[in-house]
$ cat upload18.txt   # compact mmCIF, C-alpha atoms and all ligand atoms
# COMPACT_ATOMS: atom_id res chain seq x y z
CA MET A 1 -65.34 -6.53 7.17
CA PRO A 2 -62.16 -4.50 6.75
CA GLN A 3 -59.22 -6.78 6.06
CA LYS A 4 -56.32 -6.65 8.45
CA ILE A 5 -53.34 -5.40 6.51
CA ALA A 6 -49.93 -6.63 7.64
CA ALA A 7 -47.51 -3.84 8.52
CA LYS A 8 -45.23 -2.91 5.64
CA ARG A 9 -41.79 -4.39 6.20
CA THR A 10 -39.27 -1.59 6.38
CA ILE A 11 -35.49 -1.41 6.88
CA LEU A 12 -33.70 1.81 7.75
CA VAL A 13 -29.96 1.88 7.04
CA VAL A 14 -27.92 4.60 8.74
CA LEU A 15 -24.43 5.17 7.28
CA ALA A 16 -21.86 7.92 6.80
CA HIS A 17 -20.78 8.30 3.15
CA PRO A 18 -22.06 7.71 -0.38
CA ASP A 19 -20.59 4.22 -1.18
CA ASP A 20 -20.95 2.76 2.35
CA GLU A 21 -24.34 1.36 1.32
CA SER A 22 -22.93 -0.47 -1.72
CA PHE A 23 -19.43 -1.61 -0.73
CA GLY A 24 -20.50 -2.65 2.76
CA MET A 25 -23.90 -4.32 2.67
CA GLY A 26 -25.24 -3.61 -0.82
CA GLY A 27 -26.03 -7.27 -1.47
CA THR A 28 -28.29 -7.47 1.58
CA LEU A 29 -30.08 -4.21 0.74
CA ALA A 30 -30.70 -5.34 -2.85
CA LEU A 31 -31.97 -8.72 -1.65
CA TYR A 32 -34.55 -7.26 0.75
CA ALA A 33 -35.63 -4.63 -1.78
CA SER A 34 -36.18 -7.44 -4.32
CA ARG A 35 -38.43 -9.14 -1.75
CA GLY A 36 -40.68 -6.09 -1.57
CA VAL A 37 -39.25 -4.64 1.65
CA ASP A 38 -39.01 -0.83 1.77
CA VAL A 39 -35.31 -0.09 2.25
CA HIS A 40 -34.53 3.53 3.21
CA LEU A 41 -31.04 4.97 3.52
CA ILE A 42 -29.81 7.81 5.72
CA CYS A 43 -26.41 9.12 4.63
CA ALA A 44 -24.86 11.50 7.17
CA THR A 45 -22.44 13.27 4.79
CA ARG A 46 -21.89 13.76 1.07
CA GLY A 47 -18.40 12.29 1.21
CA GLU A 48 -16.76 15.62 0.39
CA ALA A 49 -13.41 14.63 1.94
CA GLY A 50 -12.99 11.70 -0.46
CA MET A 51 -10.22 12.05 -3.04
CA VAL A 52 -11.38 11.93 -6.64
CA ASP A 53 -9.60 12.07 -9.94
CA ALA A 54 -10.01 15.49 -11.65
CA SER A 55 -11.62 13.80 -14.65
CA PHE A 56 -14.69 13.01 -12.52
CA LEU A 57 -15.28 16.70 -11.80
CA LYS A 58 -15.92 17.70 -15.41
CA LYS A 59 -19.63 17.00 -15.09
CA HIS A 60 -20.04 18.02 -11.44
CA LYS A 61 -19.08 21.28 -9.76
CA THR A 62 -18.05 19.77 -6.44
CA ILE A 63 -17.06 16.42 -4.97
CA ALA A 64 -20.27 16.52 -2.93
CA LYS A 65 -22.39 16.86 -6.09
CA LEU A 66 -20.47 14.09 -7.81
CA ARG A 67 -20.85 11.70 -4.92
CA GLU A 68 -24.53 12.57 -4.52
CA ALA A 69 -25.05 11.60 -8.18
CA GLU A 70 -23.11 8.38 -7.65
CA LEU A 71 -25.28 7.51 -4.66
CA ALA A 72 -28.48 8.22 -6.63
CA CYS A 73 -27.22 5.79 -9.27
CA ALA A 74 -26.40 3.12 -6.66
CA ALA A 75 -29.74 3.59 -4.87
CA LYS A 76 -31.53 2.88 -8.13
CA ALA A 77 -29.44 -0.25 -8.77
CA LEU A 78 -30.08 -1.57 -5.26
CA GLY A 79 -33.79 -0.69 -5.34
CA LEU A 80 -33.73 1.66 -2.35
CA LYS A 81 -36.99 3.43 -1.55
CA SER A 82 -35.37 6.71 -0.46
CA VAL A 83 -32.08 8.41 0.38
CA SER A 84 -31.94 11.17 3.02
CA TYR A 85 -28.89 13.23 3.89
CA LEU A 86 -28.21 14.56 7.39
CA GLY A 87 -26.05 17.36 5.97
CA PHE A 88 -22.91 16.94 8.06
CA ARG A 89 -19.48 17.27 6.50
CA ASP A 90 -17.26 14.27 5.79
CA SER A 91 -14.62 14.16 8.56
CA GLY A 92 -11.87 12.40 6.64
CA MET A 93 -9.54 10.07 8.49
CA THR A 94 -8.06 10.81 11.93
CA GLY A 95 -5.43 13.55 11.81
CA SER A 96 -6.56 14.97 8.45
CA LYS A 97 -7.52 18.64 7.95
CA ASP A 98 -11.14 17.66 7.30
CA ASN A 99 -11.19 16.08 10.72
CA LYS A 100 -10.82 19.53 12.33
CA ASN A 101 -13.65 21.14 10.33
CA ALA A 102 -16.37 22.42 12.70
CA GLN A 103 -19.12 21.20 10.32
CA SER A 104 -17.77 17.65 10.29
CA LEU A 105 -19.82 14.75 11.57
CA PHE A 106 -16.95 13.86 13.88
CA ARG A 107 -17.22 17.29 15.63
CA ALA A 108 -21.04 17.26 15.89
CA PRO A 109 -22.48 16.51 19.37
CA VAL A 110 -23.86 12.95 19.28
CA GLY A 111 -27.25 14.17 20.56
CA ASP A 112 -27.62 16.55 17.59
CA VAL A 113 -26.96 13.71 15.15
CA ALA A 114 -29.27 11.35 17.06
CA ALA A 115 -32.10 13.93 16.99
CA LYS A 116 -32.05 13.95 13.21
CA ILE A 117 -32.01 10.14 13.03
CA VAL A 118 -34.89 9.89 15.53
CA ALA A 119 -37.00 12.14 13.29
CA HIS A 120 -36.41 9.77 10.35
CA MET A 121 -37.14 6.68 12.49
CA ARG A 122 -40.44 8.18 13.66
CA ARG A 123 -41.37 9.18 10.12
CA LEU A 124 -40.40 5.92 8.36
CA ARG A 125 -41.32 3.49 11.20
CA PRO A 126 -38.81 0.73 10.33
CA GLN A 127 -38.89 -2.65 12.10
CA VAL A 128 -35.18 -3.16 11.35
CA VAL A 129 -32.30 -0.66 11.69
CA LEU A 130 -28.81 -1.34 10.27
CA THR A 131 -25.58 0.54 10.92
CA PHE A 132 -21.81 0.06 11.39
CA ASP A 133 -20.29 -1.84 14.30
CA GLU A 134 -18.58 -0.11 17.25
CA VAL A 135 -15.30 0.33 15.37
CA GLY A 136 -17.05 1.61 12.27
CA GLY A 137 -15.85 -1.31 10.15
CA TYR A 138 -12.40 0.16 9.52
CA HIS A 139 -12.03 2.82 12.24
CA HIS A 140 -13.28 5.72 10.12
CA PRO A 141 -14.23 8.55 12.56
CA ASP A 142 -17.51 9.16 10.66
CA HIS A 143 -18.47 5.51 10.82
CA ILE A 144 -17.91 5.45 14.58
CA ALA A 145 -19.80 8.75 15.02
CA ILE A 146 -22.84 7.53 13.07
CA HIS A 147 -22.78 4.21 14.94
CA ASN A 148 -22.92 6.04 18.29
CA ALA A 149 -25.69 8.39 17.14
CA THR A 150 -27.77 5.54 15.65
CA VAL A 151 -27.56 3.51 18.87
CA GLN A 152 -28.71 6.53 20.88
CA ALA A 153 -31.51 7.25 18.37
CA PHE A 154 -32.68 3.61 18.36
CA HIS A 155 -33.15 3.60 22.13
CA ALA A 156 -34.76 7.07 22.20
CA ALA A 157 -37.17 6.86 19.23
CA GLY A 158 -39.90 5.11 21.23
CA ASP A 159 -39.65 7.47 24.21
CA GLY A 160 -41.79 10.58 23.77
CA SER A 161 -39.93 12.43 26.51
CA GLN A 162 -36.75 12.32 24.39
CA PHE A 163 -36.51 14.51 21.30
CA PRO A 164 -40.18 15.62 21.70
CA HIS A 165 -39.99 17.79 18.57
CA ALA A 166 -38.91 14.90 16.32
CA GLY A 167 -42.39 13.41 15.75
CA ASN A 168 -44.61 10.79 17.38
CA PRO A 169 -42.71 8.12 19.32
CA PHE A 170 -42.02 4.89 17.45
CA GLN A 171 -39.80 2.03 18.63
CA PRO A 172 -38.03 -0.03 15.91
CA GLU A 173 -37.80 -3.71 16.86
CA ARG A 174 -34.31 -4.76 15.86
CA LEU A 175 -30.88 -3.15 15.64
CA TYR A 176 -28.03 -4.82 13.74
CA TYR A 177 -24.38 -3.96 13.11
CA ASN A 178 -22.63 -4.95 9.93
CA ALA A 179 -20.04 -7.48 11.11
CA LEU A 180 -16.72 -7.77 9.36
CA ASN A 181 -15.46 -11.31 8.95
CA ARG A 182 -12.17 -10.80 10.79
CA ARG A 183 -11.01 -14.38 10.45
CA ARG A 184 -11.09 -13.92 6.68
CA LEU A 185 -9.43 -10.55 7.09
CA ARG A 186 -6.53 -12.13 9.01
CA TRP A 187 -6.11 -14.58 6.19
CA LEU A 188 -6.14 -11.71 3.70
CA VAL A 189 -3.44 -9.87 5.69
CA ARG A 190 -1.25 -12.98 5.55
CA MET A 191 -1.85 -13.35 1.81
CA MET A 192 -0.96 -9.70 1.16
CA ARG A 193 2.31 -10.06 3.04
CA LEU A 194 3.15 -13.20 1.07
CA ALA A 195 2.45 -11.25 -2.12
CA GLY A 196 4.85 -8.51 -0.96
CA LYS A 197 2.09 -5.95 -0.35
CA ASP A 198 1.82 -3.76 2.75
CA PRO A 199 -1.49 -4.57 4.51
CA SER A 200 -1.07 -1.61 6.86
CA ARG A 201 -1.40 0.96 4.04
CA VAL A 202 -4.27 0.14 1.74
CA GLY A 203 -7.05 2.08 0.10
CA ARG A 204 -7.17 5.06 -2.18
CA ASN A 205 -5.48 7.30 0.39
CA LYS A 206 -3.34 4.53 1.89
CA ASP A 207 -5.04 5.24 5.20
CA ILE A 208 -6.61 1.87 5.94
CA ASP A 209 -4.57 -0.41 8.17
CA LEU A 210 -5.82 -3.94 7.69
CA THR A 211 -3.45 -5.26 10.36
CA ALA A 212 -5.21 -3.06 12.94
CA LEU A 213 -8.61 -4.27 11.74
CA ALA A 214 -7.49 -7.87 11.94
CA ARG A 215 -6.58 -7.27 15.60
CA ASP A 216 -10.11 -6.07 16.45
CA GLN A 217 -12.28 -8.44 18.40
CA ASP A 218 -14.56 -10.74 16.45
CA THR A 219 -18.20 -9.75 16.51
CA PRO A 220 -20.67 -12.64 16.46
CA PRO A 221 -22.08 -13.31 12.96
CA HIS A 222 -25.66 -13.69 14.24
CA VAL A 223 -27.30 -13.20 10.86
CA SER A 224 -25.82 -14.32 7.59
CA ILE A 225 -27.37 -13.11 4.34
CA ASN A 226 -26.59 -14.89 1.09
CA TYR A 227 -27.15 -12.35 -1.68
CA ARG A 228 -25.94 -14.42 -4.62
CA SER A 229 -29.37 -14.16 -6.31
CA VAL A 230 -29.03 -10.35 -6.58
CA GLU A 231 -25.25 -10.20 -6.98
CA LYS A 232 -25.58 -8.38 -10.28
CA ARG A 233 -27.38 -5.47 -8.61
CA LYS A 234 -24.64 -5.11 -6.05
CA HIS A 235 -22.05 -5.05 -8.84
CA GLN A 236 -24.07 -2.36 -10.64
CA ALA A 237 -24.28 -0.29 -7.44
CA ASP A 238 -20.54 -0.62 -6.82
CA ALA A 239 -19.85 0.50 -10.38
CA CYS A 240 -21.93 3.66 -9.78
CA HIS A 241 -19.26 4.82 -7.31
CA ALA A 242 -16.67 5.02 -10.06
CA SER A 243 -14.79 7.95 -8.46
CA GLN A 244 -14.11 5.80 -5.40
CA LEU A 245 -13.27 2.57 -7.13
CA ASP A 246 -9.96 3.33 -8.78
CA GLY A 247 -7.08 2.36 -6.55
CA ARG A 248 -9.26 1.78 -3.57
CA PHE A 249 -10.21 -1.71 -4.58
CA SER A 250 -9.60 -2.44 -8.21
CA ARG A 251 -5.82 -2.10 -8.35
CA PHE A 252 -5.38 -4.70 -5.70
CA SER A 253 -8.82 -6.18 -6.23
CA LEU A 254 -9.21 -6.11 -2.47
CA LEU A 255 -12.98 -5.95 -2.63
CA GLU A 256 -13.08 -8.72 -5.18
CA LEU A 257 -10.79 -10.86 -3.04
CA TYR A 258 -12.81 -10.20 0.11
CA TRP A 259 -15.98 -11.12 -1.78
CA ARG A 260 -14.49 -14.37 -2.95
CA LEU A 261 -13.54 -15.13 0.63
CA THR A 262 -16.95 -14.27 2.04
CA GLY A 263 -18.85 -16.10 -0.69
CA ARG A 264 -21.31 -13.31 -1.50
CA ARG A 265 -22.50 -13.23 2.06
CA ASP A 266 -23.02 -10.32 4.48
CA THR A 267 -22.98 -10.92 8.20
CA PHE A 268 -24.67 -8.90 10.93
CA THR A 269 -24.42 -8.82 14.70
CA ARG A 270 -27.75 -8.37 16.45
CA ALA A 271 -27.37 -5.65 19.06
CA PHE A 272 -31.03 -5.46 20.08
CA PRO A 273 -32.90 -7.42 21.28
CA PRO A 274 -29.79 -9.14 22.67
CA VAL A 275 -29.13 -12.78 21.71
CA PRO A 276 -26.47 -15.30 22.78
CA ASP A 277 -23.24 -15.32 20.75
CA GLN A 278 -24.23 -18.72 19.29
CA TYR A 279 -27.49 -17.37 17.83
CA ARG A 280 -27.65 -17.90 14.05
CA SER A 281 -30.26 -16.77 11.56
CA THR A 282 -30.57 -16.03 7.86
CA ASP A 283 -33.23 -13.32 8.13
CA LEU A 284 -33.01 -9.83 9.62
CA PHE A 285 -36.74 -9.95 10.42
CA ALA A 286 -36.64 -13.34 12.19
ZN ZN B 1 -17.66 5.44 4.70

$ encode --input "upload18.txt" --output "C-alpha cells" --more "lines below"
Ligand SMILES: [Zn+2]
Amino acid sequence: MPQKIAAKRTILVVLAHPDDESFGMGGTLALYASRGVDVHLICATRGEAGMVDASFLKKHKTIAKLREAELACAAKALGLKSVSYLGFRDSGMTGSKDNKNAQSLFRAPVGDVAAKIVAHMRRLRPQVVLTFDEVGGYHHPDHIAIHNATVQAFHAAGDGSQFPHAGNPFQPERLYYNALNRRRLRWLVRMMRLAGKDPSRVGRNKDIDLTALARDQDTPPHVSINYRSVEKRKHQADACHASQLDGRFSRFSLLELYWRLTGRRDTFTRAFPPVPDQYRSTDLFA
C-alpha cells in the first residue's frame, strides 16, 4: 500500500528589496524554516537605489551585486530554500530620480509584475503567501507596488484563464500582510521627541517619516509569531546587510528599540481567507 504523504508545507514571501526579508519578518521566516517548512523568497529588485558607503564597493562592482551578496548571506542565516529576483529596478523614495526610471518597479504595469509572481506561485505551490501591507510598511513606492502585484497574483494563480502561459493553475490557501505595531510606533515617536530627535526624518536617507506612519490606520494583528527561539538567526541575517545598517538603524538603534518594544514578535494581518478583526492565532498555517 503506498503511504499517503502529507503535502510539503511551503511559504512564499514576496518583497521588494534585499533586507526587507530580514529587517521586516526575518524572525518568522527563520522560525518556520527551523520547523522544516520550505520558505522561498521573491525579491522584486536588487536594491540598486539604496545608498551605500564607498568602502562596501571595494569587493563588488555595483550596488546591485553588493546587495545580492548580502541577501545570499541573509538567506543562508534564515534558512531560506530559495531566492528569486523579478529583475525590476529599485524605485527609490517618492520624488527621487530613481523613481522616474522606466525600469523601476514603481513604473511597471501591475499586471506585468503579477504575471511573474503567478509563475513562481504555480511552480512552488505554497500554502501561505506573505507580503507587505497596503501602505508598504513605511510608504515605500516599491513596497506598495509589490503588495498590489502580489494581491493580484494570489487571486489569479488558481485561475487557468488568467496568465495562461505562467504554468498550471495553483491556488495558495492563505495570504498575510506584515502588520506594523502602530501603537508601539506612536510611543516610539513620543520617545524620540522627548529625546530631542526628529521622528519625521529618520533612516539612512532621512526619508522615513515615522509621524506619518504612526497616523496610518491600525491593521489587525491576527497572527502573532514569537521568534525568540531563533532570535540569533535573525540577528545574523540583519548583520549580513551591513551596507544598509549604518545610520539606518544602529546610530539611533531604532530597530533595536522597536524590537525591544515588540518583544521579538512579528504580527501579520490575514487578508485571505477573511477573518474577523478579533481573530487571533500563533500559526500562519492554522
Ligand atoms: Zn524595502

$ closest_residue --input "upload18.txt" --among "A:Ile146, A:Ala286, A:Ala156, A:Leu124" --to "ligand ZN 1 (chain B)" --atoms "all atoms listed in the file"
A:Ile146

$ closest_residue --input "upload18.txt" --among "A:Gln244, A:Thr62, A:Ser55, A:Thr10" --to "ligand ZN 1 (chain B)" --atoms "all atoms listed in the file"
A:Gln244

$ residues_near_ligand --input "upload18.txt" --ligand "ligand ZN 1 (chain B)" --cutoff "9 Å" --atoms "only C-alpha atoms and all ligand atoms" --output "PyMOL selection string"
chain A and resi 15-21+24+47+90+136-138+140+142-143

$ closest_residue --input "upload18.txt" --among "A:Gln278, A:Phe272, A:Lys8, A:Met51" --to "Arg174 of chain A" --atoms "all atoms listed in the file"
A:Phe272

$ atom_distance --input "upload18.txt" --atom1 "atom CA of Ala179 of chain A" --atom2 "atom CA of Pro220 of chain A"
7.5 Å

$ residues_around --input "upload18.txt" --residues "Leu71 of chain A" --least-positions-apart "2" --cutoff "9 Å" --atoms "all atoms listed in the file" --output "number ranges by chain"
A: 18-19, 21-22, 66-69, 73-76, 83, 237, 240-241

$ closest_residue --input "upload18.txt" --among "A:Lys100, A:Lys81, A:His139, A:Arg201" --to "Asp216 of chain A" --atoms "all atoms listed in the file"
A:His139

$ residues_around --input "upload18.txt" --residues "Leu213 of chain A" --least-positions-apart "6" --cutoff "10 Å" --atoms "all atoms listed in the file" --output "ChimeraX atom specification"
/A:135,137-139,180,182,185-186,189,200

$ residues_around --input "upload18.txt" --residues "Arg9 of chain A" --least-positions-apart "5" --cutoff "9 Å" --atoms "all atoms listed in the file" --output "mmCIF file with C-alpha atoms, keeping the file's coordinate frame"
data_model
loop_
_atom_site.group_PDB
_atom_site.id
_atom_site.type_symbol
_atom_site.label_atom_id
_atom_site.label_comp_id
_atom_site.auth_asym_id
_atom_site.auth_seq_id
_atom_site.Cartn_x
_atom_site.Cartn_y
_atom_site.Cartn_z
ATOM 1 C CA GLY A 36 -40.680 -6.090 -1.570
ATOM 2 C CA VAL A 37 -39.250 -4.640 1.650
ATOM 3 C CA ASP A 38 -39.010 -0.830 1.770
ATOM 4 C CA VAL A 39 -35.310 -0.090 2.250
ATOM 5 C CA PRO A 126 -38.810 0.730 10.330
ATOM 6 C CA GLN A 127 -38.890 -2.650 12.100
ATOM 7 C CA VAL A 128 -35.180 -3.160 11.350
ATOM 8 C CA PHE A 285 -36.740 -9.950 10.420
#

$ closest_residue --input "upload18.txt" --among "A:Leu210, A:Met93, A:Met25, A:Val202" --to "Arg190 of chain A" --atoms "only C-alpha atoms"
A:Leu210

$ atom_distance --input "upload18.txt" --atom1 "atom CA of Ala72 of chain A" --atom2 "atom CA of Pro221 of chain A"
29.8 Å

$ closest_residue --input "upload18.txt" --among "A:Val52, A:Ala271, A:Ala44, A:Leu57" --to "Arg89 of chain A" --atoms "all atoms listed in the file"
A:Ala44
